[in-house]
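A.B. asks: First the structure, then my questions, so here it is.
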Amino acid sequence: VTLFSELQTYLQSRNYSSIVLISDKNVFPLYGTDLVSRINCHPIIIKVGEASKSLEVATSCWNEMHAHGCDRQTLIIALGGGVVTDLAGFVAACYMRGVDVVHIPTTLMGMIDAAIGGKTGVNIPSGKNIVGAFHQPQKVIVQSSFLNTLPDREFIAGLAEIVKYAIITDVNLFELLENETNRILARDPEILEILLKRCYATKSEIVKADEKEQGVRALLNFGHTFGHAIECASHYKLYLHGEAVAIGINCAFYTSLLLNLIDATLIDRLHELLRRLKLPFSLPEALPAEELLYLMYGDKKTVDGKLNLILVKEIGQAILVKDVKADLVLKVLKKVKKP
Ligand SMILES: NC(=O)c1ccc[n+]([C@@H]2O[C@H](COP(=O)([O-])OP(=O)(O)OC[C@H]3O[C@@H](n4cnc5c(N)ncnc54)[C@H](O)[C@@H]3O)[C@@H](O)[C@H]2O)c1
């Protein structure tokens, strides 16, 4: 089934008054113009990059939709990476108290993570994803061939989330990553299909069990409390989200080591995999440990001033550790620095 016929079948089953397509300046010329020529929709094209996940850009989308006569029966189609689906999902969640959204992810990060699960949101200057809503997409349509045009750095950043899934739920997936590194980096369609299906299933299952993150869904934040602090401290300029997550995963491993949850051989195994996948795992000198720690306390997972972290016991098994002490985290943040 092609993307277009899947979308067409879906649209025929619904009765939308109008359709808005939100995409970014890179993706729209690649895949958006074709869609616009086939279905009757109004395109809103946003600037490329994390800075578009803002209240200002969301407001401009709402203004444009209202000026265009969009109502409660309008459908929003998000075509792009996580920036587009997070923003468009948020725009959909709030416009007239909620309109339908269909996600068509175009990055690896989007296909295995951002487009699934209904977390939407924007950043504010003091933190990432601080304002948002849970708003499930009506449909997620994945077309793996879109990955062919994705720049290497973006593709590799997406692999960090696959490493995350493997660590928190699935040792076999971790071994697959270890054994098939070359085919993965070559974007072999067969192996990609396996990875996409596996990650999609894992995330959907976790979200189904715990949509609002009262329990098991929190495990998906593995590496992210560190990662978000790293992104924020470097003003979203130094690292892509996935790269920050890879460094965050390494930080979570060191924290687990200091708490005697794992031994050092597991850290070596992680480093070997991240190195082969061409993912970064050390913090640069430029990011002061104290600032990162401060930012970690501002994360959504901090409750009552206590730092709660997802840590690892073995590959395939993550746990929530409550009230991890600041001096221990500081030690970690100093240890994972590049010499
Ligand atoms: N909601 C969630 O559950 C969730 C999960 C993970 C990540 N996220 C969010 O997703 C965002 C990152 O998403 P991302 O990594 O997809 O980045 P992105 O949306 O910025 O896309 C990466 C880059 O690739 C370009 N691009 C996208 N698809 C392309 C294609 N097929 N060919 C060529 N270029 C293409 C984009 O224009 C952009 O320059 C972050 O804001 C992160 O917080 C959200």
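Going by the structure tokens order, chains are called A, B, ..., each with residues numbered from 1, while ligands are numbered from 1 in the order shown.
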Taking only residues of chain A that have an atom at most 6 Å from an atom of ligand 1, what is each one's shortest atom pair and its distance in Å to one decimal, using only C-alpha atoms and all ligand atoms, in chain and number order, as JSON lines?

C.D. replies:
{"residue": "A:Asp24", "atom": "CA", "partner": "ligand 1", "partner_atom_place_in_ligand_line": "37 (O)", "distance": 5.8}
{"residue": "A:Asn26", "atom": "CA", "partner": "ligand 1", "partner_atom_place_in_ligand_line": "37 (O)", "distance": 4.4}
{"residue": "A:Val27", "atom": "CA", "partner": "ligand 1", "partner_atom_place_in_ligand_line": "29 (C)", "distance": 5.4}
{"residue": "A:Val48", "atom": "CA", "partner": "ligand 1", "partner_atom_place_in_ligand_line": "37 (O)", "distance": 5.1}
{"residue": "A:Gly49", "atom": "CA", "partner": "ligand 1", "partner_atom_place_in_ligand_line": "20 (O)", "distance": 4.6}
{"residue": "A:Glu50", "atom": "CA", "partner": "ligand 1", "partner_atom_place_in_ligand_line": "41 (O)", "distance": 5.6}
{"residue": "A:Gly80", "atom": "CA", "partner": "ligand 1", "partner_atom_place_in_ligand_line": "27 (C)", "distance": 5.2}
{"residue": "A:Gly81", "atom": "CA", "partner": "ligand 1", "partner_atom_place_in_ligand_line": "19 (O)", "distance": 3.2}
{"residue": "A:Gly82", "atom": "CA", "partner": "ligand 1", "partner_atom_place_in_ligand_line": "13 (O)", "distance": 3.1}
{"residue": "A:Val83", "atom": "CA", "partner": "ligand 1", "partner_atom_place_in_ligand_line": "19 (O)", "distance": 3.8}
{"residue": "A:Val84", "atom": "CA", "partner": "ligand 1", "partner_atom_place_in_ligand_line": "19 (O)", "distance": 5.6}
{"residue": "A:Asp86", "atom": "CA", "partner": "ligand 1", "partner_atom_place_in_ligand_line": "1 (N)", "distance": 5.4}
{"residue": "A:Thr106", "atom": "CA", "partner": "ligand 1", "partner_atom_place_in_ligand_line": "28 (N)", "distance": 4.2}
{"residue": "A:Thr107", "atom": "CA", "partner": "ligand 1", "partner_atom_place_in_ligand_line": "28 (N)", "distance": 4.5}
{"residue": "A:Met109", "atom": "CA", "partner": "ligand 1", "partner_atom_place_in_ligand_line": "16 (O)", "distance": 4.7}
{"residue": "A:Gly110", "atom": "CA", "partner": "ligand 1", "partner_atom_place_in_ligand_line": "16 (O)", "distance": 4.8}
{"residue": "A:Asp113", "atom": "CA", "partner": "ligand 1", "partner_atom_place_in_ligand_line": "5 (C)", "distance": 4.7}
{"residue": "A:Ala114", "atom": "CA", "partner": "ligand 1", "partner_atom_place_in_ligand_line": "4 (C)", "distance": 3.4}
{"residue": "A:Lys119", "atom": "CA", "partner": "ligand 1", "partner_atom_place_in_ligand_line": "1 (N)", "distance": 4.3}
{"residue": "A:Thr120", "atom": "CA", "partner": "ligand 1", "partner_atom_place_in_ligand_line": "1 (N)", "distance": 5.2}
{"residue": "A:Phe146", "atom": "CA", "partner": "ligand 1", "partner_atom_place_in_ligand_line": "31 (N)", "distance": 4.4}
{"residue": "A:Leu147", "atom": "CA", "partner": "ligand 1", "partner_atom_place_in_ligand_line": "31 (N)", "distance": 5.0}
{"residue": "A:Thr149", "atom": "CA", "partner": "ligand 1", "partner_atom_place_in_ligand_line": "32 (N)", "distance": 4.0}
{"residue": "A:Leu150", "atom": "CA", "partner": "ligand 1", "partner_atom_place_in_ligand_line": "32 (N)", "distance": 3.7}
{"residue": "A:Glu154", "atom": "CA", "partner": "ligand 1", "partner_atom_place_in_ligand_line": "22 (C)", "distance": 5.9}
{"residue": "A:His241", "atom": "CA", "partner": "ligand 1", "partner_atom_place_in_ligand_line": "40 (C)", "distance": 5.7}

A.B. asks: For Ile156 (chain A), please output as a list in words all residues within 9 Å (counting only C-alpha atoms; exclusion window: fewer than 3 positions along the same chain).

C.D. replies: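 Within the cut-off, the hits are Leu108, Pro151, Asp152, Arg153, Leu159, Ala160, Leu185, Gly242, Glu243, Leu277, Lys278 and Leu279 of chain A.
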
A.B. asks: What's around region 63-70 of chain A at 9 Å? Count only C-alpha atoms, leave out sequence neighbours fewer than 5 positions away in its own chain, and write the answer as a list in words.

C.D. replies: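 Residues meeting the cut-off are Ser17, Ser18, Ile19, Val20, His42, Ile44, Ala58, Leu75 and Tyr95 of chain A.
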
A.B. asks: Which value, in Å to one decimal, gives the distance between CA of Gln136 (chain A) and CA of Arg198 (chain A)?

C.D. replies: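 Distance reported for this atom pair: 20.0 Å.
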
A.B. asks: Considering only C-alpha atoms, state which residue in the set A:Ala51, A:Cys251, A:Ile319, A:Ala286 is at the smallest distance from Lys331 (chain A).

C.D. replies: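 Comparing A:Ala51, A:Cys251, A:Ile319, A:Ala286 against Lys331 (chain A), the winner is A:Cys251.
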
A.B. asks: Got a sec: who's within 12 Å of Glu211 (chain A), counting only C-alpha atoms, leaving out chain neighbours fewer than 6 positions off, as an NGL selection string?

C.D. replies: :A and (116-119 or 133-136 or 203-205 or 217-218 or 220)
